[in-house]
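S.K.: TSV, C-alpha atoms, saved as protein.tsv, coming up:
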```
chain	number	residue	atom	x	y	z
A	1	MET	CA	-34.38	-5.79	-3.87
A	2	ILE	CA	-36.83	-6.42	-1.02
A	3	ALA	CA	-38.44	-3.00	-1.55
A	4	LEU	CA	-38.92	-3.76	-5.26
A	5	LEU	CA	-40.52	-7.10	-4.41
A	6	VAL	CA	-42.89	-5.46	-1.92
A	7	LEU	CA	-43.89	-2.78	-4.42
A	8	THR	CA	-44.53	-5.43	-7.05
A	9	VAL	CA	-46.85	-7.30	-4.72
A	10	GLU	CA	-48.62	-4.30	-3.17
A	11	LEU	CA	-49.25	-2.42	-6.44
A	12	THR	CA	-50.69	-5.41	-8.27
A	13	PRO	CA	-53.73	-7.64	-7.72
A	14	ALA	CA	-51.49	-9.79	-5.51
A	15	HIS	CA	-51.63	-7.15	-2.75
A	16	PHE	CA	-53.68	-9.50	-0.59
A	17	LEU	CA	-50.34	-11.14	0.33
A	18	TYR	CA	-48.92	-9.92	3.65
A	19	THR	CA	-45.57	-8.19	2.95
A	20	GLY	CA	-45.07	-6.39	6.27
A	21	PRO	CA	-42.41	-8.78	7.64
A	22	LEU	CA	-40.28	-8.30	4.51
A	23	LEU	CA	-39.98	-4.55	5.07
A	24	VAL	CA	-39.40	-4.99	8.80
A	25	ALA	CA	-36.49	-7.29	8.05
A	26	THR	CA	-34.81	-4.78	5.72
A	27	PRO	CA	-32.98	-2.73	8.43
A	28	ALA	CA	-31.78	-5.90	10.15
A	29	LEU	CA	-30.33	-7.28	6.91
A	30	ALA	CA	-28.71	-3.93	6.09
A	31	ALA	CA	-27.07	-3.77	9.52
A	32	VAL	CA	-25.21	-7.01	8.79
A	33	THR	CA	-23.51	-5.84	5.60
A	34	MET	CA	-23.68	-2.03	5.63
A	35	GLY	CA	-22.55	0.74	7.94
A	36	PRO	CA	-24.78	3.08	9.96
A	37	LEU	CA	-25.45	5.37	6.98
A	38	GLY	CA	-26.32	2.43	4.75
A	39	THR	CA	-28.62	1.01	7.40
A	40	LEU	CA	-30.32	4.38	7.84
A	41	SER	CA	-30.82	4.60	4.07
A	42	ALA	CA	-32.46	1.16	4.11
A	43	VAL	CA	-34.73	2.32	6.96
A	44	LEU	CA	-35.87	5.40	5.01
A	45	LEU	CA	-36.48	3.31	1.91
A	46	ALA	CA	-38.55	0.77	3.85
A	47	ALA	CA	-40.59	3.57	5.47
A	48	ALA	CA	-41.19	5.23	2.09
A	49	VAL	CA	-42.38	1.93	0.59
A	50	SER	CA	-44.66	1.37	3.59
A	51	VAL	CA	-46.25	4.82	3.24
A	52	THR	CA	-46.66	4.37	-0.52
A	53	THR	CA	-48.32	0.97	-0.29
A	54	ALA	CA	-50.58	1.97	2.62
A	55	THR	CA	-51.75	5.01	0.67
A	56	TYR	CA	-52.25	3.10	-2.57
A	57	ASN	CA	-54.25	0.34	-0.86
A	58	GLN	CA	-56.16	2.80	1.35
A	59	ALA	CA	-55.08	0.88	4.44
A	60	TRP	CA	-54.56	3.85	6.75
A	61	GLY	CA	-56.42	3.39	10.04
A	62	SER	CA	-56.03	-0.38	10.11
A	63	GLN	CA	-54.22	-1.99	13.01
A	64	GLN	CA	-51.96	-3.92	10.65
A	65	VAL	CA	-50.42	-0.77	9.16
A	66	TYR	CA	-49.57	0.76	12.55
A	67	THR	CA	-48.23	-2.55	13.82
A	68	ASN	CA	-45.92	-2.72	10.80
A	69	PHE	CA	-44.68	0.83	11.41
A	70	LEU	CA	-44.04	0.11	15.10
A	71	ALA	CA	-42.11	-3.06	14.25
A	72	LEU	CA	-40.14	-1.22	11.55
A	73	PHE	CA	-39.23	1.53	14.03
A	74	LEU	CA	-38.03	-0.90	16.71
A	75	VAL	CA	-36.00	-3.03	14.28
A	76	SER	CA	-34.53	0.13	12.69
A	77	VAL	CA	-33.31	1.51	16.02
A	78	ALA	CA	-31.74	-1.84	16.89
A	79	GLY	CA	-30.23	-2.18	13.42
A	80	VAL	CA	-28.58	1.24	13.40
A	81	ALA	CA	-27.20	0.71	16.92
A	82	THR	CA	-25.88	-2.74	16.03
A	83	SER	CA	-24.31	-1.51	12.81
A	84	SER	CA	-22.52	1.29	14.65
A	85	ALA	CA	-21.20	-1.07	17.32
A	86	VAL	CA	-20.00	-3.62	14.76
A	87	ARG	CA	-18.30	-0.92	12.71
A	88	ARG	CA	-16.48	0.49	15.75
A	89	ARG	CA	-15.33	-2.97	16.80
A	90	ARG	CA	-14.05	-3.81	13.32
A	91	GLU	CA	-12.20	-0.50	13.04
A	92	SER	CA	-10.66	-1.02	16.47
A	93	GLU	CA	-9.48	-4.52	15.58
A	94	LEU	CA	-8.09	-3.36	12.23
A	95	ASP	CA	-6.26	-0.43	13.84
A	96	GLN	CA	-4.71	-2.79	16.38
A	97	VAL	CA	-3.52	-5.19	13.68
A	98	ARG	CA	-2.13	-2.27	11.68
A	99	ARG	CA	-0.21	-1.02	14.70
A	100	ILE	CA	1.28	-4.47	15.18
A	101	ALA	CA	2.16	-4.58	11.48
A	102	VAL	CA	3.93	-1.22	11.67
A	103	VAL	CA	5.89	-2.27	14.78
A	104	ALA	CA	6.95	-5.49	13.05
A	105	GLN	CA	8.00	-3.53	9.97
A	106	GLU	CA	9.98	-1.01	12.00
A	107	THR	CA	11.81	-3.89	13.67
A	108	VAL	CA	13.15	-4.87	10.23
A	109	LEU	CA	13.62	-1.33	8.89
A	110	ARG	CA	15.86	0.76	11.08
A	111	PRO	CA	16.06	4.56	10.64
A	112	VAL	CA	18.70	5.75	8.19
A	113	PRO	CA	21.22	8.39	9.35
A	114	ALA	CA	20.61	11.90	8.06
A	115	ARG	CA	24.24	12.23	6.87
A	116	LEU	CA	26.47	9.52	5.40
A	117	GLY	CA	29.82	10.55	3.94
A	118	PRO	CA	29.27	12.84	0.93
A	119	VAL	CA	25.47	12.52	0.92
A	120	ARG	CA	22.38	13.41	2.93
A	121	VAL	CA	19.78	10.66	3.26
A	122	ALA	CA	16.16	10.22	4.38
A	123	GLY	CA	13.85	7.21	4.28
A	124	MET	CA	10.11	6.71	4.66
A	125	TYR	CA	7.81	3.70	4.96
A	126	LEU	CA	4.00	3.92	4.69
A	127	ALA	CA	1.74	0.97	5.46
A	128	ALA	CA	-1.21	0.32	3.16
A	129	GLU	CA	-4.59	1.42	4.52
A	130	THR	CA	-6.73	-1.14	2.67
A	131	GLY	CA	-5.32	-4.17	4.41
A	132	ALA	CA	-3.78	-5.18	7.69
A	133	GLN	CA	-1.14	-7.61	6.42
A	134	ILE	CA	2.51	-6.72	6.87
A	135	GLY	CA	4.29	-5.84	3.65
A	136	GLY	CA	7.77	-6.73	2.40
A	137	ASP	CA	9.09	-3.32	1.34
A	138	LEU	CA	12.68	-2.70	2.45
A	139	TYR	CA	15.41	-0.08	2.33
A	140	GLU	CA	18.76	0.64	3.96
A	141	ALA	CA	21.74	2.99	3.59
A	142	VAL	CA	25.20	2.18	4.97
A	143	GLU	CA	28.52	4.04	4.83
A	144	THR	CA	31.37	1.70	3.84
A	145	ARG	CA	34.99	1.95	2.70
A	146	TYR	CA	33.68	1.70	-0.88
A	147	GLY	CA	31.30	4.62	-0.47
A	148	VAL	CA	27.69	4.92	0.64
A	149	ARG	CA	25.72	1.83	-0.36
A	150	VAL	CA	21.92	1.89	-0.57
A	151	ILE	CA	19.31	-0.77	-1.17
A	152	VAL	CA	15.58	-0.59	-1.83
A	153	GLY	CA	13.42	-3.63	-2.52
A	154	ASP	CA	9.98	-5.13	-2.58
A	155	VAL	CA	9.09	-8.71	-1.69
A	156	ARG	CA	6.25	-10.24	-3.65
A	157	GLY	CA	3.35	-11.06	-1.33
A	158	LYS	CA	2.27	-10.04	2.15
A	159	GLY	CA	2.35	-11.30	5.70
A	160	LEU	CA	5.08	-12.94	7.74
A	161	PRO	CA	6.68	-14.78	4.77
A	162	ALA	CA	7.29	-11.41	3.11
A	163	VAL	CA	8.79	-9.97	6.29
A	164	ARG	CA	11.08	-13.01	6.65
A	165	ALA	CA	12.28	-12.62	3.06
A	166	ALA	CA	12.88	-8.88	3.59
A	167	ALA	CA	14.80	-9.57	6.80
A	168	ALA	CA	16.96	-12.18	5.02
A	169	VAL	CA	17.83	-9.80	2.18
A	170	LEU	CA	18.51	-6.86	4.51
A	171	GLY	CA	20.64	-8.98	6.84
A	172	ALA	CA	22.79	-10.18	3.96
A	173	PHE	CA	23.08	-6.65	2.55
A	174	ARG	CA	24.16	-5.15	5.88
A	175	GLU	CA	26.93	-7.72	6.15
A	176	ALA	CA	28.04	-7.92	2.52
A	177	VAL	CA	28.40	-4.17	1.88
A	178	HIS	CA	31.48	-4.07	4.12
A	179	TYR	CA	33.32	-6.94	2.43
A	180	GLU	CA	32.28	-7.21	-1.21
A	181	ASP	CA	34.26	-5.04	-3.62
A	182	GLU	CA	31.58	-5.03	-6.32
A	183	LEU	CA	27.84	-4.44	-6.14
A	184	ALA	CA	27.29	-7.66	-8.05
A	185	GLY	CA	28.88	-9.50	-5.14
A	186	VAL	CA	26.51	-7.77	-2.72
A	187	ILE	CA	23.55	-8.85	-4.84
A	188	ASP	CA	24.86	-12.43	-4.95
A	189	ARG	CA	25.03	-12.51	-1.15
A	190	CYS	CA	21.44	-11.25	-0.89
A	191	GLU	CA	20.26	-13.84	-3.39
A	192	ALA	CA	22.03	-16.65	-1.54
A	193	ALA	CA	20.46	-15.54	1.76
A	194	LEU	CA	17.03	-15.54	0.13
A	195	ARG	CA	17.57	-19.10	-1.16
A	196	ARG	CA	18.72	-20.29	2.26
A	197	ASP	CA	15.70	-18.75	3.95
A	198	ALA	CA	13.31	-20.32	1.43
A	199	ALA	CA	14.96	-23.73	1.85
A	200	VAL	CA	14.22	-23.98	5.59
A	201	PRO	CA	11.52	-26.69	5.97
A	202	GLY	CA	8.15	-25.33	6.99
A	203	VAL	CA	9.14	-21.66	6.76
A	204	VAL	CA	7.64	-21.07	3.30
A	205	ASP	CA	4.90	-23.17	1.74
A	206	GLU	CA	5.39	-24.69	-1.70
A	207	GLU	CA	3.12	-22.19	-3.48
A	208	ALA	CA	4.88	-19.19	-1.98
A	209	LEU	CA	8.27	-20.72	-2.80
A	210	ALA	CA	7.28	-21.25	-6.44
A	211	GLU	CA	5.90	-17.73	-6.89
A	212	GLY	CA	8.08	-15.69	-4.53
A	213	PHE	CA	10.68	-13.18	-5.65
A	214	VAL	CA	12.20	-9.88	-4.53
A	215	THR	CA	12.83	-6.87	-6.73
A	216	VAL	CA	15.87	-4.93	-5.51
A	217	LEU	CA	17.99	-1.99	-6.52
A	218	VAL	CA	21.45	-1.55	-5.01
A	219	ALA	CA	23.31	1.73	-5.46
A	220	GLN	CA	26.78	2.92	-4.49
A	221	VAL	CA	27.83	6.57	-4.12
A	222	PRO	CA	31.65	6.81	-4.08
A	223	ASP	CA	33.67	10.00	-3.65
A	224	GLY	CA	33.56	10.77	-7.38
A	225	SER	CA	30.65	12.44	-9.18
A	226	VAL	CA	28.95	9.18	-10.15
A	227	VAL	CA	26.47	6.68	-8.75
A	228	GLU	CA	26.77	2.97	-9.52
A	229	MET	CA	23.71	0.72	-9.65
A	230	VAL	CA	22.59	-2.86	-10.09
A	231	ASN	CA	18.89	-3.20	-10.78
A	232	ARG	CA	17.18	-6.57	-10.35
A	233	GLY	CA	13.67	-6.04	-11.69
A	234	HIS	CA	12.96	-2.93	-9.63
A	235	PRO	CA	11.37	0.37	-10.80
A	236	PRO	CA	14.15	2.66	-12.07
A	237	PRO	CA	15.27	5.39	-9.66
A	238	LEU	CA	14.58	9.01	-10.50
A	239	LEU	CA	17.31	11.65	-10.67
A	240	LEU	CA	16.31	15.25	-9.97
A	241	ARG	CA	18.75	17.75	-11.44
A	242	ALA	CA	18.14	21.48	-11.92
A	243	GLY	CA	14.40	21.00	-11.37
A	244	LYS	CA	14.02	18.24	-13.99
A	245	VAL	CA	13.50	14.53	-13.39
A	246	ARG	CA	14.75	11.62	-15.46
A	247	ALA	CA	14.65	7.88	-14.91
A	248	LEU	CA	17.94	5.97	-14.65
A	249	MET	CA	17.18	2.93	-16.78
A	250	PRO	CA	19.43	-0.14	-16.53
A	251	ALA	CA	21.59	-0.91	-19.55
A	252	CYS	CA	20.71	-4.61	-19.31
A	253	PRO	CA	17.44	-5.48	-17.52
A	254	LEU	CA	17.79	-8.34	-15.05
A	255	PRO	CA	15.12	-10.45	-13.29
A	256	PRO	CA	14.35	-10.11	-9.56
A	257	LEU	CA	16.06	-12.16	-6.85
A	258	GLY	CA	14.58	-15.64	-6.74
A	259	LEU	CA	14.29	-15.80	-10.53
A	260	GLU	CA	17.99	-16.17	-11.28
A	261	ASP	CA	17.27	-19.16	-13.54
A	262	LEU	CA	16.04	-16.62	-16.12
A	263	ILE	CA	19.53	-15.13	-16.44
A	264	SER	CA	21.26	-16.72	-19.45
A	265	ASP	CA	24.59	-14.87	-19.16
A	266	PRO	CA	26.47	-13.74	-16.04
A	267	PRO	CA	25.52	-10.15	-15.12
A	268	GLY	CA	27.99	-7.51	-16.20
A	269	ALA	CA	29.40	-4.61	-14.23
A	270	ALA	CA	27.23	-2.11	-12.44
A	271	ASP	CA	25.71	0.74	-14.43
A	272	ASN	CA	27.30	4.17	-13.88
A	273	TYR	CA	25.41	7.46	-13.96
A	274	SER	CA	26.46	11.05	-13.40
A	275	PHE	CA	25.68	12.20	-9.86
A	276	VAL	CA	27.08	15.67	-9.19
A	277	PRO	CA	26.73	18.04	-6.23
A	278	GLY	CA	23.16	19.37	-6.06
A	279	ASP	CA	21.63	16.23	-7.56
A	280	ARG	CA	18.86	14.39	-5.75
A	281	LEU	CA	18.21	10.67	-6.23
A	282	LEU	CA	14.92	8.97	-5.27
A	283	LEU	CA	14.65	5.20	-4.85
A	284	TYR	CA	11.15	3.86	-4.26
A	285	THR	CA	8.91	0.80	-4.42
A	286	ASP	CA	6.09	0.23	-6.90
A	287	GLY	CA	3.47	1.14	-4.30
A	288	VAL	CA	4.30	4.79	-5.09
A	289	ILE	CA	3.90	4.79	-8.86
A	290	GLU	CA	0.97	2.35	-8.81
A	291	ALA	CA	-1.09	4.38	-6.33
A	292	ARG	CA	-4.39	5.39	-7.94
A	293	ASN	CA	-7.00	8.05	-7.31
A	294	GLY	CA	-10.78	7.78	-7.64
A	295	GLY	CA	-10.49	8.17	-11.42
A	296	ASN	CA	-8.05	5.22	-11.58
A	297	ASP	CA	-5.15	7.52	-12.53
A	298	PHE	CA	-1.64	6.60	-11.39
A	299	PHE	CA	0.35	8.87	-9.11
A	300	ALA	CA	2.54	11.15	-11.26
A	301	LEU	CA	5.76	10.79	-9.27
A	302	PRO	CA	8.14	12.75	-11.59
A	303	GLU	CA	5.77	15.71	-11.73
A	304	GLU	CA	5.29	15.61	-7.96
A	305	MET	CA	9.06	15.61	-7.47
A	306	GLU	CA	9.49	18.64	-9.71
A	307	ALA	CA	6.63	20.44	-7.94
A	308	ALA	CA	8.06	19.65	-4.49
A	309	GLU	CA	11.48	20.92	-5.55
A	310	ALA	CA	10.05	24.10	-7.11
A	311	MET	CA	8.27	25.16	-3.90
A	312	SER	CA	11.53	25.96	-2.13
A	313	ASP	CA	14.91	24.50	-1.34
A	314	CYS	CA	14.40	21.70	1.18
A	315	GLY	CA	16.33	18.87	2.77
A	316	PRO	CA	15.76	15.17	2.05
A	317	GLN	CA	13.26	14.60	4.88
A	318	GLU	CA	11.14	17.63	4.02
A	319	PHE	CA	11.23	16.55	0.37
A	320	LEU	CA	9.88	13.12	1.32
A	321	ASP	CA	7.25	14.74	3.52
A	322	ARG	CA	6.02	16.74	0.53
A	323	LEU	CA	5.84	13.62	-1.62
A	324	HIS	CA	3.98	11.90	1.21
A	325	ARG	CA	1.39	14.68	1.34
A	326	GLY	CA	0.97	14.56	-2.42
A	327	LEU	CA	0.49	10.80	-2.32
A	328	ILE	CA	-2.12	11.06	0.42
A	329	ARG	CA	-4.01	13.74	-1.51
A	330	HIS	CA	-3.94	11.63	-4.66
A	331	THR	CA	-5.26	8.48	-2.98
A	332	ARG	CA	-7.42	10.27	-0.38
A	333	ASP	CA	-5.42	8.49	2.32
A	334	ARG	CA	-6.27	5.04	0.94
A	335	LEU	CA	-3.06	3.40	-0.16
A	336	ALA	CA	-3.60	0.02	-1.81
A	337	ASP	CA	0.00	-1.11	-1.30
A	338	ASP	CA	2.86	-0.42	1.06
A	339	VAL	CA	5.23	2.39	0.11
A	340	ALA	CA	8.94	2.76	0.76
A	341	MET	CA	11.07	5.69	-0.39
A	342	ILE	CA	14.65	6.71	0.23
A	343	VAL	CA	16.19	9.92	-1.08
A	344	VAL	CA	19.91	10.57	-1.47
A	345	ASP	CA	21.33	14.09	-1.96
A	346	ARG	CA	24.86	14.59	-3.29
```
Could you take the file, read its structure, and then write that structure out as structure tokens?

M.R.:
Amino acid sequence: MIALLVLTVELTPAHFLYTGPLLVATPALAAVTMGPLGTLSAVLLAAAVSVTTATYNQAWGSQQVYTNFLALFLVSVAGVATSSAVRRRRESELDQVRRIAVVAQETVLRPVPARLGPVRVAGMYLAAETGAQIGGDLYEAVETRYGVRVIVGDVRGKGLPAVRAAAAVLGAFREAVHYEDELAGVIDRCEAALRRDAAVPGVVDEEALAEGFVTVLVAQVPDGSVVEMVNRGHPPPLLLRAGKVRALMPACPLPPLGLEDLISDPPGAADNYSFVPGDRLLLYTDGVIEARNGGNDFFALPEEMEAAEAMSDCGPQEFLDRLHRGLIRHTRDRLADDVAMIVVDR
């Protein structure tokens, strides 16, 4: 914009106006808002405009022209150096905050055992790269007398309120899975814990309380060749069988935890799906399927699952690692939202 203004003045009858300070200021202004490459580009543009106007006005040889070039050189060197230092400091601060966020998240999410009863399990959590706030993605797998019970969920929002909500839901789940006969009872315990946490004065502000909710999916793998599920507003899990993927849609969609007022009738029994030896079940949060590439295309999770399975027979952790690599390639290592995945092999 400054370069255009200078050219307008210098290439018209108004060239008697002194525009040197405007070009000298260009690198300094660029250093405030742009990185080193952007600042260097602004320097080259300012130098090109200076050469063009000096040639057009036949001003070469005058002291004013050389003074402007000297000032532009000095300000450019300082601008590029300052921009580099500011960029390094910002990246260092952001990396430190991200490390703290990951540590806080790992305090809530404990590693899942590789083997639980009749299934093999693996879990993965990936922090978003475009922000430093802690997310509310959650997962857990526990072996109980009723079978292996698994939960995956996503708290709306970011920051400490989201972590508190995730901790409340996970704490209730870890306790309830050992005592509740039905999955609906487990969900009710999680919902009650979420309400209690939100009701503590000063813990959650009014706006967050009004808009907050948690999508969750709770699954149970008993000894038989089935998997039972209760889905509360969460993306449907994907079942991989014989190299083909299909979504396990709920028979009766239900709202997330925190929005129970939208339920007109009491929820029915859990949904049952076939889950035979050799099947692979993936539970995930919406950060996976909503990840976009440069062309604004969503991550094709079912196709990636089929491709990962077709490469060779692999265990749950290697399977997740392959999905992770595919996700990073798709987004060029720039996740816009946190990602949680847990895979269960019969």

S.K.: Got a sec: who's within 12 Å of segment 306-311 of chain A, counting only C-alpha atoms, leaving out chain neighbours fewer than 6 positions off, as a list of chain:residue names?

M.R.: A:Leu238, A:Leu239, A:Leu240, A:Arg241, A:Ala242, A:Gly243, A:Lys244, A:Val245, A:Arg246, A:Gly278, A:Asp279, A:Arg280, A:Leu282, A:Ala300, A:Gln317, A:Glu318, A:Phe319, A:Leu320, A:Asp321, A:Arg322, A:Leu323, A:His324, A:Arg325, A:Gly326, A:Leu327

S.K.: Write out as a PyMOL selection string each polymer residue whose atoms come within 9 Å of segment 136-146 of chain A, counting only C-alpha atoms; drop sequence neighbours fewer than 2 positions from it.

M.R.: chain A and resi 105+108-113+116-117+121+123-125+134+148-167+169-170+173-174+177-179+181-182+214+216+220-223+283-285+338-342

S.K.: Could you work out how far atom CA of Gly315 of chain A lies from atom CA of Asp271 of chain A, giving the answer in Å with one decimal?

M.R.: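 Here the two named atoms are 26.7 Å from each other.
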
S.K.: Name the closest residue to Asp188 of chain A among the candidates A:Cys252, A:Leu257, A:Ala247, A:Val226; distances are taken between atoms, counting all atoms listed in the file.

M.R.: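 Looking only at the distances to Asp188 of chain A, the closest residue turns out to be A:Leu257.
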
S.K.: Please return the centre and edge lengths, in Å to one decimal, of a box with edges along x, y and z that contains all listed atoms of segment 312-319 of chain A, widened by 4 Å on every side, as JSON.

M.R.:
```
{"center_x": 13.7, "center_y": 20.3, "center_z": 1.4, "size_x": 13.2, "size_y": 19.4, "size_z": 15.0}
```

S.K.: What does the distance between atom CA of Asp261 of chain A and atom CA of Asn231 of chain A come to in Å, to one decimal place?

M.R.: 16.3 Å

S.K.: Between atom CA of Pro237 of chain A and atom CA of Tyr273 of chain A, measure the distance and give it in Å to one decimal.

M.R.: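 Value for the atom CA of Pro237 of chain A-atom CA of Tyr273 of chain A distance: 11.2 Å.
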
S.K.: Give the answer as one residue: which of A:His330, A:Asn296, A:Leu281, A:Leu301 has the shortest atom-to-atom distance to Val343 of chain A, using only C-alpha atoms?

M.R.: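 Ranked by minimum distance to Val343 of chain A, first place goes to A:Leu281.
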
S.K.: Give me, as a list in words, all polymer residues having an atom no more than 10 Å from Gly294 of chain A, counting only C-alpha atoms and skipping those fewer than 2 positions away in the same chain.

M.R.: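 So, after excluding close chain neighbours, the residues are Arg292, Asn296, Asp297, Phe298, His330, Thr331 and Arg332 of chain A.
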